[in-house]
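Source file: query_28.pdb. Holds: PDB, C-alpha atoms.
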```
ATOM      1  CA  MET V   1      10.870  10.195   6.943
ATOM      2  CA  SER V   2      11.028   8.048   3.813
ATOM      3  CA  ARG V   3       8.028   7.543   1.578
ATOM      4  CA  LEU V   4       7.914   3.917   2.712
ATOM      5  CA  GLU V   5       7.685   4.908   6.392
ATOM      6  CA  SER V   6       5.223   7.680   5.630
ATOM      7  CA  PHE V   7       3.011   5.262   3.694
ATOM      8  CA  ILE V   8       3.000   2.662   6.496
ATOM      9  CA  ARG V   9       2.178   5.306   9.129
ATOM     10  CA  ARG V  10      -0.615   6.717   6.997
ATOM     11  CA  MET V  11      -2.183   3.286   6.433
ATOM     12  CA  ASP V  12      -1.943   2.528  10.133
ATOM     13  CA  ALA V  13      -3.466   5.870  11.133
ATOM     14  CA  GLN V  14      -6.333   5.284   8.683
ATOM     15  CA  ARG V  15      -6.931   1.885  10.252
ATOM     16  CA  ARG V  16      -7.046   3.399  13.756
ATOM     17  CA  LEU V  17      -9.378   6.160  12.564
ATOM     18  CA  LEU V  18     -11.727   3.576  11.072
ATOM     19  CA  ASN V  19     -11.567   1.366  14.178
ATOM     20  CA  ASP V  20     -12.452   4.354  16.342
ATOM     21  CA  ALA V  21     -15.450   5.202  14.128
ATOM     22  CA  MET V  22     -16.648   1.582  14.096
ATOM     23  CA  ALA V  23     -16.413   1.421  17.907
ATOM     24  CA  ASP V  24     -18.335   4.695  18.169
ATOM     25  CA  VAL V  25     -21.305   3.397  16.163
ATOM     26  CA  ALA V  26     -21.130  -0.228  17.319
ATOM     27  CA  ASP V  27     -24.324  -0.041  19.397
ATOM     28  CA  THR V  28     -26.329   2.099  16.964
ATOM     29  CA  PRO V  29     -28.407   0.498  14.190
ATOM     30  CA  GLY V  30     -27.734   1.577  10.610
ATOM     31  CA  VAL V  31     -25.930   0.462   7.489
ATOM     32  CA  VAL V  32     -22.418   1.221   6.285
ATOM     33  CA  LEU V  33     -21.717   3.017   2.998
ATOM     34  CA  GLU V  34     -18.356   2.364   1.381
ATOM     35  CA  LEU V  35     -17.751   4.926  -1.380
ATOM     36  CA  GLY V  36     -14.990   3.590  -3.599
ATOM     37  CA  LEU V  37     -14.116  -0.095  -3.198
ATOM     38  CA  GLY V  38     -10.610   0.032  -4.665
ATOM     39  CA  ASN V  39      -8.691  -3.149  -3.862
ATOM     40  CA  GLY V  40     -11.276  -4.005  -1.210
ATOM     41  CA  ARG V  41      -8.964  -3.976   1.826
ATOM     42  CA  THR V  42     -11.014  -1.418   3.763
ATOM     43  CA  TYR V  43     -14.254  -3.181   2.827
ATOM     44  CA  ASP V  44     -12.764  -6.405   4.187
ATOM     45  CA  HIS V  45     -11.706  -4.626   7.374
ATOM     46  CA  ILE V  46     -15.189  -3.208   7.983
ATOM     47  CA  ARG V  47     -16.860  -6.514   7.112
ATOM     48  CA  GLU V  48     -14.642  -8.347   9.593
ATOM     49  CA  ASN V  49     -15.141  -5.825  12.386
ATOM     50  CA  MET V  50     -18.877  -5.250  11.941
ATOM     51  CA  PRO V  51     -20.240  -8.762  11.371
ATOM     52  CA  GLY V  52     -23.876  -8.899  10.332
ATOM     53  CA  ARG V  53     -23.938  -5.221   9.380
ATOM     54  CA  ASP V  54     -25.160  -4.356   5.873
ATOM     55  CA  ILE V  55     -22.358  -2.692   3.900
ATOM     56  CA  TYR V  56     -23.361  -0.988   0.642
ATOM     57  CA  VAL V  57     -20.531  -0.353  -1.792
ATOM     58  CA  PHE V  58     -20.494   2.444  -4.373
ATOM     59  CA  GLU V  59     -18.061   1.900  -7.203
ATOM     60  CA  ARG V  60     -17.732   2.916 -10.834
ATOM     61  CA  GLU V  61     -16.046  -0.338 -11.862
ATOM     62  CA  VAL V  62     -15.196  -3.229  -9.548
ATOM     63  CA  ARG V  63     -11.515  -4.141  -9.610
ATOM     64  CA  ALA V  64     -11.088  -5.505  -6.095
ATOM     65  CA  HIS V  65      -9.539  -8.755  -4.927
ATOM     66  CA  PRO V  66     -12.018 -11.593  -5.708
ATOM     67  CA  ASP V  67     -12.508 -12.236  -1.962
ATOM     68  CA  CYS V  68     -13.509  -8.591  -1.412
ATOM     69  CA  ILE V  69     -16.348  -8.149  -3.883
ATOM     70  CA  PRO V  70     -19.735  -7.382  -2.312
ATOM     71  CA  PRO V  71     -22.850  -9.296  -3.382
ATOM     72  CA  ASP V  72     -24.829  -7.643  -6.212
ATOM     73  CA  SER V  73     -27.577  -6.802  -3.716
ATOM     74  CA  HIS V  74     -25.117  -4.501  -1.882
ATOM     75  CA  LEU V  75     -23.396  -2.920  -4.865
ATOM     76  CA  TYR V  76     -24.303   0.460  -6.372
ATOM     77  CA  LEU V  77     -22.463   0.453  -9.670
ATOM     78  CA  GLY V  78     -21.981   3.768 -11.514
ATOM     79  CA  HIS V  79     -21.184   7.396 -10.764
ATOM     80  CA  VAL V  80     -21.222   7.915  -7.016
ATOM     81  CA  ILE V  81     -23.644  10.854  -7.032
ATOM     82  CA  ASP V  82     -26.200   9.087  -9.274
ATOM     83  CA  GLN V  83     -25.930   5.996  -7.114
ATOM     84  CA  LEU V  84     -26.321   7.920  -3.841
ATOM     85  CA  LYS V  85     -29.570   9.290  -5.251
ATOM     86  CA  ARG V  86     -30.684   5.726  -6.011
ATOM     87  CA  ALA V  87     -29.752   4.697  -2.463
ATOM     88  CA  VAL V  88     -31.862   7.524  -1.024
ATOM     89  CA  GLU V  89     -34.833   6.218  -3.023
ATOM     90  CA  ASP V  90     -34.145   2.617  -1.974
ATOM     91  CA  MET V  91     -33.302   3.086   1.700
ATOM     92  CA  GLY V  92     -33.843   6.689   2.798
ATOM     93  CA  ARG V  93     -32.065   7.767   5.979
ATOM     94  CA  CYS V  94     -30.120   4.600   6.778
ATOM     95  CA  ALA V  95     -26.373   5.124   7.261
ATOM     96  CA  ILE V  96     -24.505   5.126  10.565
ATOM     97  CA  LEU V  97     -21.015   4.953   9.009
ATOM     98  CA  VAL V  98     -19.662   6.280   5.711
ATOM     99  CA  HIS V  99     -16.154   5.547   4.499
ATOM    100  CA  SER V 100     -15.305   7.515   1.377
ATOM    101  CA  ASP V 101     -12.245   7.125  -0.786
ATOM    102  CA  VAL V 102     -13.377   8.733  -4.017
ATOM    103  CA  GLY V 103     -11.331  11.937  -3.900
ATOM    104  CA  ASN V 104      -7.869  12.944  -4.936
ATOM    105  CA  GLY V 105      -6.699  14.125  -1.524
ATOM    106  CA  ASP V 106      -5.965  17.822  -1.425
ATOM    107  CA  GLU V 107      -6.453  18.665  -5.101
ATOM    108  CA  PRO V 108      -8.677  21.730  -5.571
ATOM    109  CA  ALA V 109     -11.188  20.001  -7.876
ATOM    110  CA  SER V 110     -11.538  17.156  -5.422
ATOM    111  CA  ILE V 111     -12.051  19.506  -2.474
ATOM    112  CA  ASP V 112     -14.656  21.410  -4.441
ATOM    113  CA  PHE V 113     -16.467  18.186  -5.403
ATOM    114  CA  GLY V 114     -16.499  17.006  -1.779
ATOM    115  CA  ARG V 115     -17.864  20.274  -0.428
ATOM    116  CA  THR V 116     -20.424  21.209  -3.007
ATOM    117  CA  ILE V 117     -21.580  17.908  -4.544
ATOM    118  CA  LEU V 118     -20.739  14.910  -2.361
ATOM    119  CA  ALA V 119     -21.626  16.436   1.030
ATOM    120  CA  PRO V 120     -25.209  17.427   0.062
ATOM    121  CA  ALA V 121     -25.697  14.077  -1.730
ATOM    122  CA  LEU V 122     -24.779  12.220   1.480
ATOM    123  CA  LYS V 123     -26.910  14.266   3.853
ATOM    124  CA  PRO V 124     -30.315  12.567   3.186
ATOM    125  CA  LEU V 125     -28.729   9.168   3.911
ATOM    126  CA  LEU V 126     -27.270   9.957   7.339
ATOM    127  CA  LEU V 127     -28.742   8.853  10.660
ATOM    128  CA  PRO V 128     -28.114  11.014  13.746
ATOM    129  CA  GLY V 129     -24.718  10.058  15.194
ATOM    130  CA  ALA V 130     -23.392   8.845  11.836
ATOM    131  CA  ARG V 131     -19.643   8.942  11.366
ATOM    132  CA  ILE V 132     -17.994   9.956   8.092
ATOM    133  CA  ILE V 133     -14.374   9.207   7.234
ATOM    134  CA  SER V 134     -13.171  10.576   3.927
ATOM    135  CA  ASP V 135     -10.015  11.280   1.952
ATOM    136  CA  GLN V 136     -11.421  14.695   0.975
ATOM    137  CA  PRO V 137     -13.452  17.275   2.934
ATOM    138  CA  VAL V 138     -17.178  16.417   3.051
ATOM    139  CA  PRO V 139     -18.604  19.051   5.387
ATOM    140  CA  VAL V 140     -22.189  17.802   5.501
ATOM    141  CA  GLU V 141     -24.507  20.434   6.951
ATOM    142  CA  GLY V 142     -25.207  19.458  10.549
ATOM    143  CA  SER V 143     -21.949  17.563  11.026
ATOM    144  CA  THR V 144     -19.003  18.341  13.295
ATOM    145  CA  LYS V 145     -15.415  17.835  12.192
ATOM    146  CA  LEU V 146     -13.560  15.526  14.590
ATOM    147  CA  PRO V 147      -9.839  15.547  15.359
ATOM    148  CA  LEU V 148      -7.503  13.040  13.681
ATOM    149  CA  PRO V 149      -4.953  10.857  15.457
ATOM    150  CA  SER V 150      -2.109  13.164  16.491
ATOM    151  CA  ASP V 151       0.363  11.449  14.167
ATOM    152  CA  MET V 152      -1.817  11.891  11.084
ATOM    153  CA  HIS V 153      -1.352  14.743   8.651
ATOM    154  CA  HIS V 154      -4.414  16.994   8.717
ATOM    155  CA  GLU V 155      -4.984  16.700   4.970
ATOM    156  CA  ARG V 156      -4.662  12.918   4.867
ATOM    157  CA  ALA V 157      -8.181  12.263   6.120
ATOM    158  CA  TYR V 158     -11.319  14.013   7.302
ATOM    159  CA  CYS V 159     -13.560  12.731  10.042
ATOM    160  CA  TYR V 160     -17.055  13.949  10.982
ATOM    161  CA  ARG V 161     -19.969  13.109  13.229
ATOM    162  CA  TYR V 162     -23.415  13.982  11.918
ATOM    163  CA  GLU V 163     -25.817  15.190  14.614
ATOM    164  CA  ASP V 164     -28.631  16.939  12.794
TER     165      ASP V 164
ATOM    166  CA  MET Q 165      -7.085 -10.574  10.410
ATOM    167  CA  SER Q 166      -8.514  -8.313   7.713
ATOM    168  CA  ARG Q 167      -6.718  -7.694   4.444
ATOM    169  CA  LEU Q 168      -6.093  -4.123   5.595
ATOM    170  CA  GLU Q 169      -4.367  -5.266   8.784
ATOM    171  CA  SER Q 170      -2.476  -7.985   6.959
ATOM    172  CA  PHE Q 171      -1.243  -5.456   4.379
ATOM    173  CA  ILE Q 172      -0.038  -2.985   7.036
ATOM    174  CA  ARG Q 173       1.778  -5.736   8.967
ATOM    175  CA  ARG Q 174       3.414  -7.014   5.802
ATOM    176  CA  MET Q 175       4.633  -3.549   4.787
ATOM    177  CA  ASP Q 176       5.975  -2.951   8.281
ATOM    178  CA  ALA Q 177       7.735  -6.323   8.396
ATOM    179  CA  GLN Q 178       9.323  -5.610   5.006
ATOM    180  CA  ARG Q 179      10.555  -2.277   6.328
ATOM    181  CA  ARG Q 180      12.105  -3.929   9.387
ATOM    182  CA  LEU Q 181      13.700  -6.616   7.222
ATOM    183  CA  LEU Q 182      15.236  -3.934   5.007
ATOM    184  CA  ASN Q 183      16.404  -1.869   7.976
ATOM    185  CA  ASP Q 184      18.095  -4.939   9.445
ATOM    186  CA  ALA Q 185      19.882  -5.659   6.156
ATOM    187  CA  MET Q 186      20.980  -2.010   5.785
ATOM    188  CA  ALA Q 187      22.354  -2.028   9.347
ATOM    189  CA  ASP Q 188      24.195  -5.289   8.652
ATOM    190  CA  VAL Q 189      26.072  -3.874   5.641
ATOM    191  CA  ALA Q 190      26.413  -0.299   6.912
ATOM    192  CA  ASP Q 191      30.186  -0.543   7.441
ATOM    193  CA  THR Q 192      30.987  -2.551   4.320
ATOM    194  CA  PRO Q 193      31.720  -0.817   1.015
ATOM    195  CA  GLY Q 194      29.592  -1.726  -2.006
ATOM    196  CA  VAL Q 195      26.664  -0.519  -4.039
ATOM    197  CA  VAL Q 196      22.976  -1.260  -3.692
ATOM    198  CA  LEU Q 197      20.960  -2.932  -6.452
ATOM    199  CA  GLU Q 198      17.232  -2.250  -6.509
ATOM    200  CA  LEU Q 199      15.504  -4.704  -8.871
ATOM    201  CA  GLY Q 200      12.081  -3.293  -9.675
ATOM    202  CA  LEU Q 201      11.493   0.345  -8.793
ATOM    203  CA  GLY Q 202       7.677   0.236  -8.654
ATOM    204  CA  ASN Q 203       6.309   3.371  -7.003
ATOM    205  CA  GLY Q 204       9.778   4.155  -5.620
ATOM    206  CA  ARG Q 205       8.939   3.947  -1.900
ATOM    207  CA  THR Q 206      11.586   1.341  -1.123
ATOM    208  CA  TYR Q 207      14.153   3.184  -3.234
ATOM    209  CA  ASP Q 208      13.398   6.335  -1.242
ATOM    210  CA  HIS Q 209      13.764   4.413   2.018
ATOM    211  CA  ILE Q 210      17.160   3.001   1.050
ATOM    212  CA  ARG Q 211      18.347   6.362  -0.288
ATOM    213  CA  GLU Q 212      17.380   8.068   2.962
ATOM    214  CA  ASN Q 213      18.967   5.432   5.183
ATOM    215  CA  MET Q 214      22.171   4.917   3.194
ATOM    216  CA  PRO Q 215      23.193   8.458   2.254
ATOM    217  CA  GLY Q 216      26.058   8.698  -0.199
ATOM    218  CA  ARG Q 217      25.686   5.051  -1.239
ATOM    219  CA  ASP Q 218      25.330   4.345  -4.980
ATOM    220  CA  ILE Q 219      21.956   2.741  -5.673
ATOM    221  CA  TYR Q 220      21.487   1.189  -9.117
ATOM    222  CA  VAL Q 221      17.909   0.620 -10.176
ATOM    223  CA  PHE Q 222      16.767  -2.068 -12.618
ATOM    224  CA  GLU Q 223      13.385  -1.438 -14.163
ATOM    225  CA  ARG Q 224      11.560  -2.295 -17.354
ATOM    226  CA  GLU Q 225       9.627   0.969 -17.450
ATOM    227  CA  VAL Q 226       9.840   3.764 -14.874
ATOM    228  CA  ARG Q 227       6.454   4.634 -13.345
ATOM    229  CA  ALA Q 228       7.566   5.846  -9.915
ATOM    230  CA  HIS Q 229       6.664   9.030  -8.076
ATOM    231  CA  PRO Q 230       8.621  11.915  -9.703
ATOM    232  CA  ASP Q 231      10.632  12.401  -6.473
ATOM    233  CA  CYS Q 232      11.747   8.773  -6.546
ATOM    234  CA  ILE Q 233      13.284   8.450  -9.996
ATOM    235  CA  PRO Q 234      17.015   7.675 -10.015
ATOM    236  CA  PRO Q 235      19.418   9.646 -12.210
ATOM    237  CA  ASP Q 236      20.000   8.131 -15.665
ATOM    238  CA  SER Q 237      23.544   7.217 -14.586
ATOM    239  CA  HIS Q 238      22.053   4.820 -12.006
ATOM    240  CA  LEU Q 239      19.235   3.353 -14.058
ATOM    241  CA  TYR Q 240      19.385   0.043 -15.944
ATOM    242  CA  LEU Q 241      16.354   0.167 -18.168
ATOM    243  CA  GLY Q 242      15.123  -3.060 -19.780
ATOM    244  CA  HIS Q 243      14.695  -6.731 -18.933
ATOM    245  CA  VAL Q 244      16.293  -7.413 -15.572
ATOM    246  CA  ILE Q 245      18.462 -10.335 -16.730
ATOM    247  CA  ASP Q 246      19.852  -8.426 -19.743
ATOM    248  CA  GLN Q 247      20.532  -5.442 -17.534
ATOM    249  CA  LEU Q 248      22.224  -7.486 -14.814
ATOM    250  CA  LYS Q 249      24.591  -8.764 -17.528
ATOM    251  CA  ARG Q 250      25.317  -5.149 -18.500
ATOM    252  CA  ALA Q 251      25.947  -4.294 -14.856
ATOM    253  CA  VAL Q 252      28.461  -7.158 -14.552
ATOM    254  CA  GLU Q 253      30.326  -5.740 -17.561
ATOM    255  CA  ASP Q 254      30.171  -2.179 -16.158
ATOM    256  CA  MET Q 255      30.927  -2.808 -12.499
ATOM    257  CA  GLY Q 256      31.851  -6.464 -11.881
ATOM    258  CA  ARG Q 257      31.559  -7.697  -8.300
ATOM    259  CA  CYS Q 258      30.154  -4.593  -6.620
ATOM    260  CA  ALA Q 259      26.962  -5.167  -4.626
ATOM    261  CA  ILE Q 260      26.614  -5.327  -0.842
ATOM    262  CA  LEU Q 261      22.815  -5.129  -0.811
ATOM    263  CA  VAL Q 262      20.199  -6.329  -3.282
ATOM    264  CA  HIS Q 263      16.502  -5.586  -2.901
ATOM    265  CA  SER Q 264      14.422  -7.420  -5.462
ATOM    266  CA  ASP Q 265      10.734  -6.986  -6.123
ATOM    267  CA  VAL Q 266      10.412  -8.443  -9.603
ATOM    268  CA  GLY Q 267       8.563 -11.674  -8.784
ATOM    269  CA  ASN Q 268       4.974 -12.674  -8.350
ATOM    270  CA  GLY Q 269       5.311 -13.996  -4.818
ATOM    271  CA  ASP Q 270       4.682 -17.707  -4.560
ATOM    272  CA  GLU Q 271       3.585 -18.384  -8.118
ATOM    273  CA  PRO Q 272       5.383 -21.420  -9.602
ATOM    274  CA  ALA Q 273       6.718 -19.560 -12.681
ATOM    275  CA  SER Q 274       8.097 -16.808 -10.450
ATOM    276  CA  ILE Q 275       9.764 -19.284  -8.110
ATOM    277  CA  ASP Q 276      11.290 -21.073 -11.060
ATOM    278  CA  PHE Q 277      12.566 -17.776 -12.549
ATOM    279  CA  GLY Q 278      14.115 -16.761  -9.228
ATOM    280  CA  ARG Q 279      15.895 -20.071  -8.691
ATOM    281  CA  THR Q 280      17.125 -20.868 -12.156
ATOM    282  CA  ILE Q 281      17.569 -17.502 -13.901
ATOM    283  CA  LEU Q 282      17.737 -14.599 -11.431
ATOM    284  CA  ALA Q 283      19.938 -16.260  -8.799
ATOM    285  CA  PRO Q 284      22.784 -17.166 -11.220
ATOM    286  CA  ALA Q 285      22.505 -13.738 -12.893
ATOM    287  CA  LEU Q 286      23.022 -12.027  -9.530
ATOM    288  CA  LYS Q 287      25.936 -14.139  -8.342
ATOM    289  CA  PRO Q 288      28.766 -12.387 -10.308
ATOM    290  CA  LEU Q 289      27.663  -9.025  -8.836
ATOM    291  CA  LEU Q 290      27.760  -9.983  -5.150
ATOM    292  CA  LEU Q 291      30.488  -9.012  -2.704
ATOM    293  CA  PRO Q 292      31.200 -11.285   0.275
ATOM    294  CA  GLY Q 293      28.727 -10.435   3.045
ATOM    295  CA  ALA Q 294      26.107  -9.097   0.603
ATOM    296  CA  ARG Q 295      22.510  -9.240   1.743
ATOM    297  CA  ILE Q 296      19.639 -10.120  -0.586
ATOM    298  CA  ILE Q 297      16.001  -9.384   0.175
ATOM    299  CA  SER Q 298      13.522 -10.624  -2.379
ATOM    300  CA  ASP Q 299       9.823 -11.273  -2.900
ATOM    301  CA  GLN Q 300      10.671 -14.616  -4.516
ATOM    302  CA  PRO Q 301      13.309 -17.255  -3.688
ATOM    303  CA  VAL Q 302      16.753 -16.372  -5.103
ATOM    304  CA  PRO Q 303      18.999 -19.090  -3.695
ATOM    305  CA  VAL Q 304      22.316 -17.798  -5.038
ATOM    306  CA  GLU Q 305      25.011 -20.464  -4.807
ATOM    307  CA  GLY Q 306      27.159 -19.626  -1.766
ATOM    308  CA  SER Q 307      24.402 -17.800   0.086
ATOM    309  CA  THR Q 308      22.665 -18.705   3.354
ATOM    310  CA  LYS Q 309      18.946 -18.194   3.870
ATOM    311  CA  LEU Q 310      18.280 -16.019   6.918
ATOM    312  CA  PRO Q 311      15.213 -16.094   9.178
ATOM    313  CA  LEU Q 312      12.421 -13.552   8.729
ATOM    314  CA  PRO Q 313      10.851 -11.464  11.498
ATOM    315  CA  SER Q 314       8.690 -13.852  13.534
ATOM    316  CA  ASP Q 315       5.479 -12.055  12.525
ATOM    317  CA  MET Q 316       6.189 -12.340   8.804
ATOM    318  CA  HIS Q 317       4.713 -15.092   6.661
ATOM    319  CA  HIS Q 318       7.508 -17.322   5.355
ATOM    320  CA  GLU Q 319       6.466 -16.872   1.722
ATOM    321  CA  ARG Q 320       6.157 -13.080   1.917
ATOM    322  CA  ALA Q 321       9.886 -12.431   1.611
ATOM    323  CA  TYR Q 322      13.203 -14.193   1.294
ATOM    324  CA  CYS Q 323      16.407 -13.024   2.908
ATOM    325  CA  TYR Q 324      19.952 -14.244   2.254
ATOM    326  CA  ARG Q 325      23.554 -13.474   3.104
ATOM    327  CA  TYR Q 326      26.158 -14.246   0.449
ATOM    328  CA  GLU Q 327      29.445 -15.528   1.837
ATOM    329  CA  ASP Q 328      31.236 -17.174  -1.062
TER     330      ASP Q 328
END
```
What is this file in structure tokens?
Amino acid sequence: MSRLESFIRRMDAQRRLLNDAMADVADTPGVVLELGLGNGRTYDHIRENMPGRDIYVFEREVRAHPDCIPPDSHLYLGHVIDQLKRAVEDMGRCAILVHSDVGNGDEPASIDFGRTILAPALKPLLLPGARIISDQPVPVEGSTKLPLPSDMHHERAYCYRYED
Amino acid sequence: MSRLESFIRRMDAQRRLLNDAMADVADTPGVVLELGLGNGRTYDHIRENMPGRDIYVFEREVRAHPDCIPPDSHLYLGHVIDQLKRAVEDMGRCAILVHSDVGNGDEPASIDFGRTILAPALKPLLLPGARIISDQPVPVEGSTKLPLPSDMHHERAYCYRYED
């Protein structure tokens, strides 16, 4: 498979994974945390599919498409871990969906960061039943790893449901 | 439609457009010209689907994935118009497929460049029956504009067959 085909399939699988998570939490109150805004395409997708839901974006430096920039009231600007701590102080246990794209896929340092730093920083924000979708492993204590779409490479994304 | 969905559909439509052009010229001798290498995904797709075909890449500065960098013998490095002139001197009328991604979509300066500078620079390289796919209009004299896939926005890509 060419890199072009592989890229399209990966993007499509990520979209399906996100749609599945959004459907799963559709009837449960709670906010959405978007870690890493990037070009803002995923933010736009969540915003369109979860109208009226508060989406809080964590980003070091906003470089998204002008149409995809969250209001200042919903933007945590700075290092993700510092900002998650701020969010805990501001909102406490509040999140029903987390989409994280702050890793470097399967690189060892990224995997280590996800496991030992990001996962515990997320835990105090998660409501029971919260879904996490991430580009790196974030095995939050109390969460269960969920299967990916069958056509998605197992290191392309990680999906969890938090039950604690 | 969200920007994520729109992006996936656009990438997929571009892939289908390219596949259609590759199928159309499959039995006709001639080289491929790739104007703008970018991340190299399209180059990889053409290389995989047209094995044994010479693909000449025109790029100002190579920043592609290491697996998607053409050999020096097939790389025209520099401004695309200067390099197309070099290619005419080296190879003359040689190309059966041109994929161009050097424009800025529907911006006026890009449209003007495509029409008045790129199109005439391409003409002396094209074999009869050559297909052109481009992100900006390149109405080469003697070419016919072809329809896009029905789900593709008419300003997302331009497709031509050269018959002169």
Could you write out as a PyMOL selection string the residues that the ChimeraX specification (/V :<7) & /Q matches in the shown file? chain Q and resi 166-168+172+175-176+205-206+208-209+212
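Counting all atoms listed in the file, the residue from Q:Ser237, Q:Ser307, Q:Gln300, Q:Asn183 that sits nearest to Q:Leu282 is Q:Gln300.
This file, filtered with the PyMOL selection byres ((chain Q and resi 263) around 7), gives the residues Q:Leu197, Q:Glu198, Q:Leu199, Q:Leu261, Q:Val262, Q:Ser264, Q:Asp265, Q:Ile296, Q:Ile297, Q:Ser298.
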Residues around (-15.6, 3.5, -9.5), cut-off 8 Å, counting only C-alpha atoms - what are they as a list of chain:residue names? V:Gly36, V:Leu37, V:Gly38, V:Phe58, V:Glu59, V:Arg60, V:Glu61, V:Val62, V:Leu77, V:Gly78, V:His79, V:Val80, V:Val102
Residues in the PyMOL selection byres ((chain V and resi 53) around 8), expressed as a ChimeraX atom specification: /V:30-32,47,50-52,54-55
Which residues, written as a PyMOL selection string, have at least one atom at most 10 Å from stretch 258-260 of chain Q, with all atoms listed in the file counted and residues fewer than 5 positions away on the same chain left out? chain Q and resi 185-186+188-190+192-197+218-220+251-252+286-296+325-326
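For the atom pair formed by atom CA of V:Thr144 and atom CA of V:Gly103, the distance is 19.9 Å, given to one decimal.
Between atom CA of V:Tyr160 and atom CA of V:Gly114 the separation is 13.1 Å.
Going from atom CA of Q:Lys249 to atom CA of Q:Ala283 covers 12.4 Å.
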